[in-house]
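Notes follow once the structure below has been shown.
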Amino acid sequence: MRAWIFAVVVIVVVAAVAASGGYLIYRQNHGSAPSPPTTVAEGSNVTVNYIGIFGSGPEQGKVFDTSIYSVATNDALYPKSLEYQLRGAVANYTPLAVYVGNSTPSGGYSLGNLTFESVVDGFWQGIIGMVPNTTRTIVVPEDLGYGPTDPACLTTQPLVMTVPVLETLTGIDFSTAFPGVGAAVGKEFTDPHYGWTDQILSANASFVTLERLPYVGQVTSPGGWPIEVTSIQATANGSGAITVANEISAGDAGHLLGTDFLDNAPCNSSSGGKFIVTEVNVANGTFTEDYNPEVQGQTLIFVVTVVDYFPPNTGS
């Protein structure tokens, strides 16, 4: 009787061991069930590749920024906006580290060589629910992007303007306006702003007087497009005015990038002295310089691919 019971126990133990070994062999051959992908949620940290495209305005359809080198260097397939900046070598194009939320936790969140940064609301809100290795197109209205156009950064200029033939400057102002030009009487030099010839008529320790010497019909490009000298009205003592005409038309509105060569931008913008001609009013004889960043006041489209996911910063 005991021998029979012992035989049964042995059989059961052997069967259990065999089943366990079979399960281990199965796990080795088939692996464990894959973990579900991590879904991006508010408070997450992710790296993403993106293409930023204008969804409105005269630059609609053009790329204003990207993290992808092949996009950055292919203007045929991906035409660029007026203020687009090429970052140079391929090493400068890496996925963007994004904190998914209104603002990064105090002190930011870093992991290795990555620092996760805040982005506009429409961007981080648009990637919620994504998982790594997926792509989504996000449309960001101006109120969730860079906000509306700031009217303080707009200025109106005449299409036809005058420049004095003679001008007297302090020594400091002369050095600032014409760096590297020695204030010697009779010296002629190329005007760095207008491109025509200037001559120093008089100079002392305090003041420098110069005369501008363009000719009628001369065309220069101080701001980023042609201007033509249309007349020169000089008086007997050499004073007078040079009339110049900006050679732009209504069709150029939104498509001309200008340079604030006289350093008189109307606001403390981040434009770096650049502006876009946003309106040309031939009837009124004026044009508008817009020193707002070109992404401001526009609907933006982002094509975003989540590359990797990192856990929220717990503060530990």
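Ordering of the structure tokens sets the chain letters (A, B, ...); residue numbers start at 1 within each chain; ligands are numbered from 1 in the order shown.
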From a DSSP calculation on the backbone, collect every residue of range 23-209 of chain A in strand (DSSP E or B) and output the set as a PyMOL selection string. chain A and resi 45-54+63-66+80+96-99+109-111+114-117+135-140+154-158+160-164+166-170+188-190+197-203+207-209
Could you save those same residues with C-alpha atoms as a PDB file, in the first residue's frame?
```pdb
ATOM      1  CA  ASN A  45       8.786  64.219 -20.414  1.00  0.00           C
ATOM      2  CA  VAL A  46       9.385  63.248 -24.027  1.00  0.00           C
ATOM      3  CA  THR A  47      11.769  63.768 -26.885  1.00  0.00           C
ATOM      4  CA  VAL A  48      10.175  64.581 -30.210  1.00  0.00           C
ATOM      5  CA  ASN A  49      11.085  65.289 -33.805  1.00  0.00           C
ATOM      6  CA  TYR A  50       8.954  67.961 -35.422  1.00  0.00           C
ATOM      7  CA  ILE A  51       8.311  70.073 -38.503  1.00  0.00           C
ATOM      8  CA  GLY A  52       6.753  73.495 -37.861  1.00  0.00           C
ATOM      9  CA  ILE A  53       4.678  74.844 -40.770  1.00  0.00           C
ATOM     10  CA  PHE A  54       2.647  78.018 -41.143  1.00  0.00           C
ATOM     11  CA  VAL A  63       8.474  75.573 -42.804  1.00  0.00           C
ATOM     12  CA  PHE A  64       9.561  77.940 -40.029  1.00  0.00           C
ATOM     13  CA  ASP A  65      11.448  75.410 -37.876  1.00  0.00           C
ATOM     14  CA  THR A  66      12.340  71.724 -37.683  1.00  0.00           C
ATOM     15  CA  LYS A  80      11.212  77.821 -45.875  1.00  0.00           C
ATOM     16  CA  LEU A  96      13.563  68.314 -28.842  1.00  0.00           C
ATOM     17  CA  ALA A  97      13.248  67.481 -25.121  1.00  0.00           C
ATOM     18  CA  VAL A  98       9.774  68.589 -24.048  1.00  0.00           C
ATOM     19  CA  TYR A  99       8.123  68.849 -20.666  1.00  0.00           C
ATOM     20  CA  TYR A 109      14.012  68.596 -15.314  1.00  0.00           C
ATOM     21  CA  SER A 110      17.232  67.060 -16.588  1.00  0.00           C
ATOM     22  CA  LEU A 111      18.168  63.496 -17.385  1.00  0.00           C
ATOM     23  CA  LEU A 114      18.762  66.233 -21.773  1.00  0.00           C
ATOM     24  CA  THR A 115      17.018  69.256 -20.297  1.00  0.00           C
ATOM     25  CA  PHE A 116      13.270  69.151 -20.755  1.00  0.00           C
ATOM     26  CA  GLU A 117      11.828  72.558 -21.578  1.00  0.00           C
ATOM     27  CA  THR A 135       3.362  60.686 -35.527  1.00  0.00           C
ATOM     28  CA  ARG A 136       0.588  63.237 -35.228  1.00  0.00           C
ATOM     29  CA  THR A 137      -0.284  66.512 -36.971  1.00  0.00           C
ATOM     30  CA  ILE A 138      -1.185  69.256 -34.483  1.00  0.00           C
ATOM     31  CA  VAL A 139      -2.919  72.512 -35.443  1.00  0.00           C
ATOM     32  CA  VAL A 140      -2.127  75.322 -32.984  1.00  0.00           C
ATOM     33  CA  LEU A 154       4.284  97.834 -36.132  1.00  0.00           C
ATOM     34  CA  THR A 155       5.480 101.033 -37.766  1.00  0.00           C
ATOM     35  CA  THR A 156       4.345 102.827 -40.920  1.00  0.00           C
ATOM     36  CA  GLN A 157       6.885 104.313 -43.326  1.00  0.00           C
ATOM     37  CA  PRO A 158       6.483 106.454 -46.479  1.00  0.00           C
ATOM     38  CA  VAL A 160       8.908 108.049 -50.885  1.00  0.00           C
ATOM     39  CA  MET A 161      11.235 109.594 -48.320  1.00  0.00           C
ATOM     40  CA  THR A 162      13.913 112.243 -48.097  1.00  0.00           C
ATOM     41  CA  VAL A 163      17.448 112.184 -46.731  1.00  0.00           C
ATOM     42  CA  PRO A 164      19.341 115.449 -46.033  1.00  0.00           C
ATOM     43  CA  LEU A 166      24.226 117.697 -45.369  1.00  0.00           C
ATOM     44  CA  GLU A 167      24.298 116.313 -41.845  1.00  0.00           C
ATOM     45  CA  THR A 168      26.250 117.360 -38.770  1.00  0.00           C
ATOM     46  CA  LEU A 169      26.892 114.726 -36.116  1.00  0.00           C
ATOM     47  CA  THR A 170      28.739 114.688 -32.825  1.00  0.00           C
ATOM     48  CA  GLU A 188      35.256 110.214 -49.274  1.00  0.00           C
ATOM     49  CA  PHE A 189      33.781 106.869 -48.266  1.00  0.00           C
ATOM     50  CA  THR A 190      30.926 104.546 -49.139  1.00  0.00           C
ATOM     51  CA  THR A 197      29.395 108.155 -51.682  1.00  0.00           C
ATOM     52  CA  ASP A 198      29.713 110.513 -48.713  1.00  0.00           C
ATOM     53  CA  GLN A 199      32.350 113.188 -48.140  1.00  0.00           C
ATOM     54  CA  ILE A 200      33.502 114.863 -44.925  1.00  0.00           C
ATOM     55  CA  LEU A 201      33.251 118.637 -45.279  1.00  0.00           C
ATOM     56  CA  SER A 202      34.450 119.666 -41.826  1.00  0.00           C
ATOM     57  CA  ALA A 203      35.580 118.033 -38.613  1.00  0.00           C
ATOM     58  CA  PHE A 207      31.387 117.714 -34.577  1.00  0.00           C
ATOM     59  CA  VAL A 208      31.652 116.198 -38.041  1.00  0.00           C
ATOM     60  CA  THR A 209      29.733 117.505 -41.074  1.00  0.00           C
TER      61      THR A 209
END
```
Report as a list of chain:residue names all protein, DNA and RNA residues lying within 6 Å of Thr278 in chain A, evaluated on only C-alpha atoms, omitting residues in the same chain fewer than 2 positions from it. A:Ala253, A:Gly254, A:Ile276, A:Thr288
Any chance you can output those residues with C-alpha atoms as a PDB file, in the first residue's frame?
```pdb
ATOM      1  CA  ALA A 253       3.298  92.425 -48.701  1.00  0.00           C
ATOM      2  CA  GLY A 254       4.151  89.458 -46.485  1.00  0.00           C
ATOM      3  CA  ILE A 276       8.510  91.796 -42.448  1.00  0.00           C
ATOM      4  CA  THR A 288       4.126  98.731 -42.798  1.00  0.00           C
TER       5      THR A 288
END
```
Skip Pro214 in chain A itself and residues of its chain fewer than 4 positions away, then list as an MDAnalysis selection string all residues within 9 Å of it, counting only C-alpha atoms. chainID A and resid 195:198 218 229 232 242
